[in-house]
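*Asks:* What follows is the file input21.cif, containing mmCIF, C-alpha atoms and all ligand atoms:
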data_coords
#
loop_
_atom_site.label_atom_id
_atom_site.label_comp_id
_atom_site.auth_asym_id
_atom_site.auth_seq_id
_atom_site.Cartn_x
_atom_site.Cartn_y
_atom_site.Cartn_z
CA GLU A 19 -5.21 -13.36 -45.58
CA ARG A 20 -5.98 -9.66 -45.89
CA THR A 21 -9.05 -10.10 -43.70
CA VAL A 22 -7.04 -11.80 -40.99
CA GLN A 23 -4.51 -8.99 -41.12
CA ARG A 24 -7.24 -6.37 -40.80
CA ILE A 25 -8.78 -8.09 -37.82
CA ALA A 26 -5.38 -8.37 -36.16
CA ALA A 27 -4.70 -4.70 -36.87
CA GLY A 28 -8.08 -3.77 -35.41
CA GLU A 29 -7.12 -5.54 -32.20
CA VAL A 30 -3.99 -3.43 -31.89
CA VAL A 31 -5.45 -0.15 -33.08
CA GLU A 32 -8.51 -0.27 -30.88
CA ARG A 33 -9.62 3.31 -31.29
CA PRO A 34 -8.37 6.72 -32.47
CA ALA A 35 -6.44 7.21 -29.22
CA SER A 36 -4.33 4.09 -29.89
CA ALA A 37 -3.22 5.55 -33.22
CA VAL A 38 -2.52 8.91 -31.61
CA LYS A 39 -0.34 7.21 -29.00
CA GLU A 40 1.77 5.43 -31.60
CA LEU A 41 2.20 8.55 -33.71
CA VAL A 42 3.21 10.73 -30.77
CA GLU A 43 5.69 8.09 -29.63
CA ASN A 44 7.20 8.06 -33.12
CA SER A 45 7.57 11.84 -33.01
CA LEU A 46 9.32 11.61 -29.65
CA ASP A 47 11.56 8.84 -30.97
CA ALA A 48 12.41 11.16 -33.88
CA ASP A 49 13.71 13.69 -31.36
CA ALA A 50 10.99 16.27 -32.01
CA SER A 51 10.96 19.48 -30.01
CA ARG A 52 7.39 20.25 -31.03
CA ILE A 53 4.45 17.97 -31.68
CA ASP A 54 1.08 19.25 -32.84
CA VAL A 55 -1.87 16.89 -32.68
CA ALA A 56 -5.14 17.78 -34.39
CA VAL A 57 -8.18 15.52 -34.54
CA GLU A 58 -11.64 15.84 -36.04
CA ALA A 59 -14.74 14.27 -34.53
CA GLY A 60 -12.85 12.74 -31.63
CA GLY A 61 -10.33 11.28 -34.08
CA THR A 62 -12.95 9.20 -35.87
CA GLU A 63 -12.80 11.44 -38.95
CA SER A 64 -9.16 12.39 -38.96
CA ILE A 65 -6.00 12.45 -36.90
CA ARG A 66 -2.99 14.58 -37.77
CA VAL A 67 0.30 14.52 -35.91
CA ARG A 68 2.96 16.96 -37.05
CA ASP A 69 6.49 17.11 -35.69
CA ASP A 70 9.78 18.90 -36.29
CA GLY A 71 11.79 15.73 -35.74
CA GLN A 72 14.45 14.00 -37.82
CA GLY A 73 12.15 13.39 -40.78
CA MET A 74 12.59 10.75 -43.47
CA ASN A 75 13.82 10.54 -47.03
CA GLU A 76 11.95 8.53 -49.67
CA VAL A 77 13.78 5.29 -48.87
CA ASP A 78 13.11 5.68 -45.13
CA VAL A 79 9.43 6.42 -45.56
CA ARG A 80 8.88 3.45 -47.85
CA ALA A 81 10.58 1.26 -45.26
CA ALA A 82 8.56 2.84 -42.46
CA VAL A 83 5.24 1.41 -43.68
CA ARG A 84 6.60 -2.04 -44.52
CA GLU A 85 5.67 -4.95 -42.30
CA HIS A 86 8.16 -5.84 -39.54
CA THR A 87 10.68 -3.27 -40.65
CA THR A 88 12.16 -1.60 -37.67
CA SER A 89 11.51 -3.21 -34.38
CA LYS A 90 13.22 -0.85 -31.98
CA ILE A 91 12.49 -3.25 -29.18
CA ASP A 92 12.06 -7.00 -29.35
CA ASP A 93 11.11 -7.69 -25.80
CA VAL A 94 8.04 -6.29 -24.08
CA SER A 95 10.08 -5.76 -20.94
CA ASP A 96 12.11 -3.00 -22.56
CA LEU A 97 12.40 -1.18 -19.27
CA GLU A 98 14.65 -3.97 -18.09
CA ALA A 99 17.16 -3.01 -20.72
CA GLY A 100 16.80 0.66 -19.92
CA VAL A 101 15.97 1.34 -23.56
CA ALA A 102 15.16 4.95 -24.26
CA THR A 103 12.99 4.52 -27.34
CA LEU A 104 9.30 4.01 -26.85
CA GLY A 105 7.96 1.89 -29.71
CA PHE A 106 7.15 -1.74 -29.09
CA ARG A 107 6.21 -3.63 -32.17
CA GLY A 108 8.08 -1.98 -34.98
CA GLU A 109 4.99 -1.94 -37.14
CA ALA A 110 2.67 0.70 -35.82
CA LEU A 111 2.51 2.58 -39.12
CA HIS A 112 1.90 -0.57 -41.10
CA THR A 113 -0.78 -1.65 -38.66
CA ILE A 114 -2.61 1.69 -38.71
CA GLY A 115 -2.38 1.70 -42.50
CA ALA A 116 -4.06 -1.71 -42.63
CA VAL A 117 -7.28 -0.24 -41.22
CA ALA A 118 -7.16 3.35 -42.44
CA ARG A 119 -5.83 5.77 -45.01
CA LEU A 120 -2.38 7.00 -43.99
CA THR A 121 -0.69 10.01 -45.57
CA ILE A 122 2.89 10.70 -44.52
CA THR A 123 4.56 13.94 -45.56
CA THR A 124 8.15 14.19 -44.47
CA LYS A 125 11.51 15.80 -45.04
CA PRO A 126 14.80 15.06 -43.26
CA ARG A 127 16.30 17.76 -41.09
CA GLY A 128 18.65 19.97 -43.02
CA ALA A 129 17.57 18.56 -46.41
CA GLU A 130 17.36 20.86 -49.45
CA GLY A 131 14.37 20.94 -51.79
CA ALA A 132 11.16 18.98 -51.63
CA GLY A 133 10.16 16.31 -49.18
CA THR A 134 8.20 13.13 -49.83
CA GLU A 135 4.53 12.29 -49.58
CA LEU A 136 3.53 8.66 -49.29
CA VAL A 137 -0.06 7.43 -49.21
CA PHE A 138 -0.69 4.02 -47.70
CA VAL A 139 -4.19 2.51 -47.79
CA ASP A 140 -5.56 -0.87 -46.80
CA GLY A 141 -2.07 -2.30 -46.32
CA GLU A 142 -0.69 -1.10 -49.69
CA VAL A 143 1.38 1.87 -50.86
CA GLU A 144 -0.98 3.85 -53.10
CA SER A 145 1.42 6.60 -54.17
CA VAL A 146 4.80 8.14 -53.44
CA GLY A 147 6.02 11.46 -54.75
CA PRO A 148 7.73 14.74 -54.00
CA ALA A 149 5.88 17.24 -51.83
CA GLY A 150 6.63 20.72 -50.60
CA CYS A 151 6.81 20.52 -46.81
CA PRO A 152 8.84 21.72 -43.86
CA GLU A 153 11.49 19.58 -42.16
CA GLY A 154 9.99 16.94 -39.95
CA THR A 155 7.04 14.63 -40.38
CA THR A 156 3.28 14.93 -40.63
CA VAL A 157 1.19 11.78 -40.44
CA GLU A 158 -2.48 11.99 -41.25
CA VAL A 159 -4.92 9.17 -40.57
CA THR A 160 -8.35 9.29 -42.19
CA ASP A 161 -11.09 6.74 -42.89
CA LEU A 162 -10.17 4.80 -39.75
CA PHE A 163 -11.77 1.32 -39.80
CA PHE A 164 -13.28 1.92 -43.27
CA ASN A 165 -12.52 -1.73 -44.08
CA THR A 166 -13.36 -3.18 -40.67
CA PRO A 167 -17.02 -2.28 -40.07
CA ALA A 168 -17.22 -4.53 -37.01
CA ARG A 169 -14.47 -2.53 -35.33
CA LYS A 170 -16.01 0.75 -36.42
CA LYS A 171 -19.23 -0.19 -34.65
CA TYR A 172 -17.34 -0.43 -31.36
CA LEU A 173 -16.34 3.21 -31.48
CA LYS A 174 -18.06 5.26 -28.83
CA THR A 175 -19.39 8.78 -29.22
CA GLU A 176 -17.07 11.45 -30.55
CA THR A 177 -16.95 12.95 -27.06
CA THR A 178 -15.80 9.69 -25.51
CA GLU A 179 -13.23 9.04 -28.22
CA PHE A 180 -11.90 12.55 -27.75
CA THR A 181 -11.63 12.00 -23.98
CA HIS A 182 -9.29 9.10 -24.71
CA VAL A 183 -7.27 11.11 -27.22
CA ASN A 184 -7.01 14.00 -24.77
CA ARG A 185 -5.78 11.70 -22.01
CA VAL A 186 -3.06 10.21 -24.20
CA VAL A 187 -1.78 13.57 -25.44
CA THR A 188 -1.95 15.02 -21.92
CA GLN A 189 0.20 12.20 -20.54
CA TYR A 190 2.85 12.67 -23.19
CA ALA A 191 2.83 16.44 -22.68
CA LEU A 192 3.30 16.02 -18.92
CA ALA A 193 6.00 13.39 -19.39
CA ASN A 194 7.94 15.64 -21.78
CA PRO A 195 8.01 19.21 -20.45
CA ASP A 196 10.92 19.95 -22.81
CA VAL A 197 8.75 19.24 -25.87
CA ALA A 198 6.10 21.76 -26.98
CA VAL A 199 2.93 19.69 -27.36
CA SER A 200 -0.39 21.01 -28.61
CA LEU A 201 -3.80 19.44 -29.06
CA GLU A 202 -6.61 20.67 -31.28
CA HIS A 203 -10.13 19.25 -31.61
CA ASP A 204 -12.40 20.23 -34.51
CA GLY A 205 -10.22 23.26 -35.18
CA ARG A 206 -10.21 24.50 -31.60
CA GLU A 207 -7.11 24.48 -29.39
CA VAL A 208 -7.53 22.32 -26.29
CA PHE A 209 -4.10 23.02 -24.81
CA SER A 210 -0.57 23.78 -25.80
CA THR A 211 2.59 23.56 -23.74
CA THR A 212 5.66 25.73 -24.16
CA GLY A 213 8.31 23.03 -24.14
CA GLN A 214 10.42 25.11 -21.77
CA GLY A 215 11.42 22.11 -19.70
CA ASP A 216 9.51 23.06 -16.56
CA LEU A 217 6.95 20.61 -15.19
CA GLN A 218 5.02 23.21 -13.22
CA SER A 219 4.38 25.39 -16.27
CA THR A 220 3.45 22.30 -18.24
CA ILE A 221 0.85 21.42 -15.59
CA LEU A 222 -0.45 24.98 -15.91
CA SER A 223 -0.77 24.69 -19.69
CA VAL A 224 -2.54 21.35 -19.47
CA TYR A 225 -4.76 21.66 -16.38
CA GLY A 226 -5.06 25.43 -15.96
CA THR A 227 -4.15 28.00 -13.32
CA ASP A 228 -6.40 26.78 -10.49
CA VAL A 229 -4.80 23.37 -10.47
CA ALA A 230 -1.24 24.50 -11.12
CA THR A 231 -1.08 27.11 -8.37
CA ASN A 232 -2.03 24.65 -5.66
CA MET A 233 0.39 21.87 -6.44
CA ILE A 234 2.78 20.54 -3.81
CA ALA A 235 6.24 19.43 -4.87
CA VAL A 236 7.38 15.89 -4.22
CA ASP A 237 11.05 15.10 -4.28
CA ALA A 238 12.18 11.94 -2.55
CA GLU A 239 15.40 10.02 -2.87
CA PRO A 240 16.72 7.26 -0.67
CA ALA A 241 19.74 9.23 0.55
CA VAL A 242 22.18 7.69 3.00
CA GLY A 243 20.79 8.01 6.51
CA SER A 244 17.30 9.01 5.35
CA GLU A 245 14.26 7.10 6.45
CA PHE A 246 13.02 6.58 2.92
CA PRO A 247 11.89 2.95 2.76
CA GLU A 248 13.59 0.21 0.77
CA GLY A 249 12.04 -0.72 -2.54
CA PRO A 250 12.44 -0.82 -6.30
CA LEU A 251 12.48 2.98 -6.81
CA ASP A 252 15.53 5.18 -6.54
CA GLY A 253 13.68 8.47 -6.78
CA ILE A 254 10.19 10.02 -6.87
CA SER A 255 9.65 13.55 -8.10
CA GLY A 256 6.85 15.72 -9.37
CA TYR A 257 3.72 17.34 -7.98
CA VAL A 258 0.59 16.35 -6.08
CA SER A 259 -2.41 18.53 -5.42
CA HIS A 260 -3.53 20.20 -2.22
CA PRO A 261 -6.27 17.96 -0.73
CA GLU A 262 -8.71 20.78 0.05
CA THR A 263 -8.32 23.37 -2.67
CA ASN A 264 -7.34 21.12 -5.48
CA ARG A 265 -9.33 17.98 -6.05
CA SER A 266 -11.51 16.50 -8.68
CA THR A 267 -14.35 14.07 -9.12
CA ARG A 268 -12.35 12.49 -11.92
CA GLU A 269 -9.04 10.79 -11.67
CA TYR A 270 -6.05 12.75 -12.91
CA VAL A 271 -3.22 10.57 -11.73
CA SER A 272 -0.22 10.48 -14.06
CA THR A 273 2.69 8.27 -13.19
CA PHE A 274 5.76 7.83 -15.34
CA ILE A 275 8.58 5.38 -15.02
CA ASN A 276 11.82 6.81 -16.31
CA GLY A 277 9.76 9.33 -18.27
CA ARG A 278 7.35 6.86 -19.79
CA TYR A 279 3.63 6.87 -18.98
CA VAL A 280 2.45 3.83 -17.07
CA THR A 281 -0.67 2.95 -15.14
CA SER A 282 -0.54 1.12 -11.86
CA GLY A 283 -3.27 0.05 -9.49
CA ALA A 284 -0.70 -0.21 -6.70
CA ALA A 285 0.46 3.36 -7.33
CA ARG A 286 -3.10 4.69 -7.20
CA GLU A 287 -3.72 2.87 -3.92
CA ALA A 288 -0.50 4.14 -2.37
CA ILE A 289 -1.28 7.72 -3.39
CA MET A 290 -4.83 7.58 -2.04
CA ASP A 291 -3.51 6.07 1.20
CA ALA A 292 -1.08 8.98 1.54
CA TYR A 293 -4.00 11.44 1.47
CA ASP A 294 -5.57 9.41 4.27
CA GLY A 295 -9.16 10.42 3.61
CA GLN A 296 -8.38 14.14 3.42
CA LEU A 297 -9.81 14.38 -0.08
CA GLY A 298 -13.31 13.35 0.93
CA ASN A 299 -15.50 10.72 -0.63
CA GLY A 300 -15.31 10.28 -4.38
CA ARG A 301 -12.64 12.95 -4.72
CA TYR A 302 -9.28 12.49 -6.37
CA PRO A 303 -6.05 14.44 -6.41
CA PHE A 304 -4.16 15.74 -9.44
CA VAL A 305 -0.89 13.87 -9.48
CA VAL A 306 2.09 14.01 -11.83
CA LEU A 307 4.96 11.89 -10.59
CA ASP A 308 8.06 10.51 -12.22
CA LEU A 309 9.22 7.31 -10.59
CA SER A 310 12.75 6.36 -11.39
CA VAL A 311 14.05 2.83 -11.36
CA PRO A 312 17.70 1.88 -11.86
CA ALA A 313 18.39 1.06 -15.53
CA ASP A 314 19.35 -2.50 -14.66
CA THR A 315 16.19 -3.25 -12.68
CA VAL A 316 14.78 -6.63 -13.56
CA ASP A 317 11.64 -6.74 -11.47
CA VAL A 318 9.53 -4.31 -13.47
CA ASN A 319 7.22 -5.33 -16.29
CA VAL A 320 4.87 -3.39 -18.49
CA HIS A 321 2.13 -4.83 -20.63
CA PRO A 322 2.73 -3.26 -24.06
CA ARG A 323 -0.78 -2.12 -24.81
CA LYS A 324 -2.31 -1.58 -21.41
CA MET A 325 0.74 0.24 -20.03
CA GLU A 326 0.07 -1.39 -16.67
CA VAL A 327 3.30 -1.70 -14.72
CA ARG A 328 4.05 -4.36 -12.11
CA PHE A 329 6.82 -4.65 -9.57
CA ASP A 330 7.89 -7.90 -7.95
CA ASP A 331 8.34 -6.02 -4.69
CA GLU A 332 4.91 -4.42 -4.77
CA ALA A 333 4.83 -3.83 -1.01
CA GLY A 334 8.13 -1.96 -1.12
CA PHE A 335 6.97 0.07 -4.11
CA LYS A 336 3.77 1.12 -2.35
CA ARG A 337 5.61 2.00 0.86
CA GLN A 338 8.05 4.21 -1.03
CA LEU A 339 5.34 6.02 -2.94
CA GLU A 340 3.05 6.51 0.04
CA THR A 341 5.95 7.82 2.13
CA ALA A 342 7.06 10.28 -0.55
CA VAL A 343 3.58 11.77 -0.98
CA GLU A 344 2.88 11.76 2.77
CA ASP A 345 6.14 13.59 3.49
CA ALA A 346 5.34 16.24 0.89
CA LEU A 347 1.87 16.81 2.41
CA LEU A 348 3.33 16.87 5.94
CA GLU A 349 5.77 19.58 4.94
CA HIS A 350 2.75 21.70 4.12
CA GLY A 351 1.15 20.89 7.46
CA LEU A 352 -1.35 18.51 5.88
P1 LIG B 401 8.75 1.62 -34.61
O1 LIG B 401 8.43 2.97 -34.04
O2 LIG B 401 8.55 0.55 -33.59
O3 LIG B 401 10.07 1.54 -35.29
P2 LIG B 401 6.67 2.35 -36.44
O4 LIG B 401 5.82 1.59 -37.41
O5 LIG B 401 5.96 3.14 -35.41
O6 LIG B 401 7.65 1.32 -35.76
O7 LIG B 401 7.62 3.29 -37.26
C1 LIG B 401 8.45 2.73 -38.26
C2 LIG B 401 9.64 3.61 -38.55
O8 LIG B 401 9.24 4.77 -39.26
C3 LIG B 401 10.37 4.14 -37.34
O9 LIG B 401 11.32 3.22 -36.87
C4 LIG B 401 11.04 5.39 -37.89
O10 LIG B 401 12.25 5.03 -38.53
C5 LIG B 401 10.07 5.86 -38.92
N1 LIG B 401 9.18 6.91 -38.39
C6 LIG B 401 7.91 6.77 -37.98
N2 LIG B 401 7.39 7.94 -37.57
C7 LIG B 401 8.38 8.85 -37.69
C8 LIG B 401 8.49 10.26 -37.43
N3 LIG B 401 7.46 10.94 -36.92
N4 LIG B 401 9.65 10.86 -37.72
C9 LIG B 401 10.70 10.19 -38.25
N5 LIG B 401 10.66 8.87 -38.50
C10 LIG B 401 9.52 8.20 -38.25
MG MG B 402 6.56 3.46 -33.33
#
Once you've parsed the file, please lay out its structure as structure tokens.
*Replies:*
Amino acid sequence: ERTVQRIAAGEVVERPASAVKELVENSLDADASRIDVAVEAGGTESIRVRDDGQGMNEVDVRAAVREHTTSKIDDVSDLEAGVATLGFRGEALHTIGAVARLTITTKPRGAEGAGTELVFVDGEVESVGPAGCPEGTTVEVTDLFFNTPARKKYLKTETTEFTHVNRVVTQYALANPDVAVSLEHDGREVFSTTGQGDLQSTILSVYGTDVATNMIAVDAEPAVGSEFPEGPLDGISGYVSHPETNRSTREYVSTFINGRYVTSGAAREAIMDAYDGQLGNGRYPFVVLDLSVPADTVDVNVHPRKMEVRFDDEAGFKRQLETAVEDALLEHGL
């Protein structure tokens, strides 16, 4: 039974970046205003996510690693319900702890005295005890896949694993300009955002000055009398890059729906169409766009792990997005 559980867990926690994603989401759910992520060897040796969120007492933290404890969302189509929390399965910690060594150090906000440290290994609580720590929560994951050698073999090089980790943390940093997010790899800082609530300065922290200074603002809403096309979105805002001075051979397209990172083939196509060949062959723009859908929308679905979003009215969605980006470029004479 344990073996089956480990294999199942290995399917969910595919690689270090999947664990990082779950831990960062938990920190956001805990209302953190700063989240510090540090990984060693691309996350294959260790992952540490520290936050200044709500924290947990001993009872909470014991419950947090139990199986099926706290499903915040039962349905994969949580966007339909307009739910603000991000977690899907209600057992991310338990699942990570089935294929790794998990150390949680935590103290509730405003609590006096010591916090709690809980160690969870191979699906079992190994120890629980008091620990001196600040308010908030630190989760450390080591020995990932120590008990699932088949899964461990699938890990790519440290560089590749870190690329995935970096992408995940970058997306959450961009989606949450009001949260100070930092990323460290092998003791070196990769980026850190200020959490000042300003998307442009967050783009600067994450992508650097060259990219940030050449961004073009997008701000489209289907106002009465405007020519903004019909479709599932009720607003598009963010930044896209200048096609000549600000392009990349790699894809840096970040789209969020109601603040949550999603991927979308249709969105990528619509954005590339808006640039209409101006980027040149094999070149991509930097894009950070928040797409808002009404809270009661029923025609949007996201696959829980892949984060791929689909709209019933895909044609309308693409028209809206292409128009918004095109209009922004036109305003700059492009
Ligand atoms: P879910 O997030 O779907 O509830 P998880 O296994 O990811 O499932 O987390 C279980 C529970 O542990 C959460 O519901 C939350 O109560 C608690 N928890 C996890 N991480 C944190 C954190 N960083 N800060 C405070 N509480 C946390
Ligand atoms: Mg969670």
*Asks:* For Asp308 (chain A), which of A:Arg278, A:Arg66, A:His350, A:Arg286 is the closest residue, counting all atoms listed in the file?
*Replies:*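 Closest to Asp308 (chain A) of all the choices is A:Arg278.
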*Asks:* Specify the axis-aligned box that encloses all atoms of region 135-151 of chain A listed in the file after padding of 3 Å on each side, stating its centre and edge lengths in Å to one decimal as AutoDock Vina command-line options.
*Replies:*
--center_x 1.1 --center_y 9.2 --center_z -50.5 --size_x 19.3 --size_y 29.0 --size_z 14.4
*Asks:* Find the residues near Asn75 (chain A): any atom within 9 Å, counting only C-alpha atoms, skip ones fewer than 3 places away on the same chain, and give them as a ChimeraX atom specification.
*Replies:* /A:78-80,124-126,129,133-134
*Asks:* I'd like to know which of A:Val157, A:Ile65, A:Leu297, A:Ile122 is closest to Ser145 (chain A), using only C-alpha atoms.
*Replies:*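 Looking only at the distances to Ser145 (chain A), the closest residue turns out to be A:Ile122.
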*Asks:* Go through A:Asn194, A:Thr113, A:Gln338, A:Thr21 and flag the residue nearest ligand MG 402 (chain B), using only C-alpha atoms and all ligand atoms for the distances.
*Replies:*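 The shortest atom-to-atom distance to ligand MG 402 (chain B) comes from A:Thr113.
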*Asks:* Compile the contact shell of Arg265 (chain A) as a list in words: residues with an atom at most 12 Å away, counting only C-alpha atoms, same-chain residues fewer than 6 positions apart removed.
*Replies:*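 Residues meeting the cut-off are Tyr225, Asp228, Val229, Ala230, Asn232, Met233, Val258, Ser259, Val271, Tyr293, Gln296, Leu297, Gly298, Asn299, Gly300, Arg301, Tyr302, Pro303, Phe304 and Val305 of chain A.
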*Asks:* Go ahead and save the picked residues with C-alpha atoms, as a compact mmCIF listing (two decimals), in the coordinates of the input.
*Replies:*
# COMPACT_ATOMS: atom_id res chain seq x y z
CA TYR A 225 -4.76 21.66 -16.38
CA ASP A 228 -6.40 26.78 -10.49
CA VAL A 229 -4.80 23.37 -10.47
CA ALA A 230 -1.24 24.50 -11.12
CA ASN A 232 -2.03 24.65 -5.66
CA MET A 233 0.39 21.87 -6.44
CA VAL A 258 0.59 16.35 -6.08
CA SER A 259 -2.41 18.53 -5.42
CA VAL A 271 -3.22 10.57 -11.73
CA TYR A 293 -4.00 11.44 1.47
CA GLN A 296 -8.38 14.14 3.42
CA LEU A 297 -9.81 14.38 -0.08
CA GLY A 298 -13.31 13.35 0.93
CA ASN A 299 -15.50 10.72 -0.63
CA GLY A 300 -15.31 10.28 -4.38
CA ARG A 301 -12.64 12.95 -4.72
CA TYR A 302 -9.28 12.49 -6.37
CA PRO A 303 -6.05 14.44 -6.41
CA PHE A 304 -4.16 15.74 -9.44
CA VAL A 305 -0.89 13.87 -9.48
*Asks:* Would you mind listing what lies within 7 Å of Gly115 (chain A) as a PyMOL selection string, with all atoms listed in the file counted and same-chain residues fewer than 3 positions away left out?
*Replies:* chain A and resi 111-112+118-120+138-141
*Asks:* Write out as a PyMOL selection string each polymer residue whose atoms come within 9 Å of Tyr190 (chain A), counting all atoms listed in the file; drop sequence neighbours fewer than 2 positions from it.
*Replies:* chain A and resi 39+42-43+185-188+192-195+199+278-279
*Asks:* Report the distance between atom C9 of ligand LIG 401 (chain B) and CA of Asn44 (chain A) in Å, rounded to one decimal place.
*Replies:*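 Those two atoms sit 6.6 Å apart.
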*Asks:* Just the number, please: distance in Å from CA of Gly226 (chain A) to CA of Thr211 (chain A), one decimal.
*Replies:*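 Separation of CA of Gly226 (chain A) and CA of Thr211 (chain A): 11.1 Å.
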*Asks:* Using only C-alpha atoms, can you tell me which of A:Glu326, A:Glu40, A:Glu135, A:Glu63 comes closest to Val280 (chain A)?
*Replies:* A:Glu326
*Asks:* Identify which of the residues A:Pro247, A:Gly351, A:Gly213, A:Pro312 lies closest to His260 (chain A), counting all atoms listed in the file when measuring atom-to-atom distances.
*Replies:*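 Of A:Pro247, A:Gly351, A:Gly213, A:Pro312, the one nearest His260 (chain A) is A:Gly351, counting all atoms listed in the file.
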*Asks:* Excluding Ser272 (chain A) and its own-chain neighbours fewer than 3 positions away, which residues fall within 7 Å of it when counting only C-alpha atoms? Please give them as a ChimeraX atom specification.
*Replies:* /A:189,305-307
*Asks:* Could you check how far CA of Glu85 (chain A) sits from CA of Asp54 (chain A), in Å to one decimal?
*Replies:*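 For CA of Glu85 (chain A) relative to CA of Asp54 (chain A), the distance reads 26.4 Å.
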*Asks:* Could you tell me which of A:Ala27, A:Val83, A:Ala292, A:Ile53 comes closest to ligand MG 402 (chain B) if we count all atoms listed in the file?
*Replies:*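 Nearest to ligand MG 402 (chain B): A:Val83.
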*Asks:* Scan for residues within 8 Å of the point (-2.5, 5.8, -34.3) in the coordinates of the file, using only C-alpha atoms, and reply as a count of residues only.
*Replies:* 14
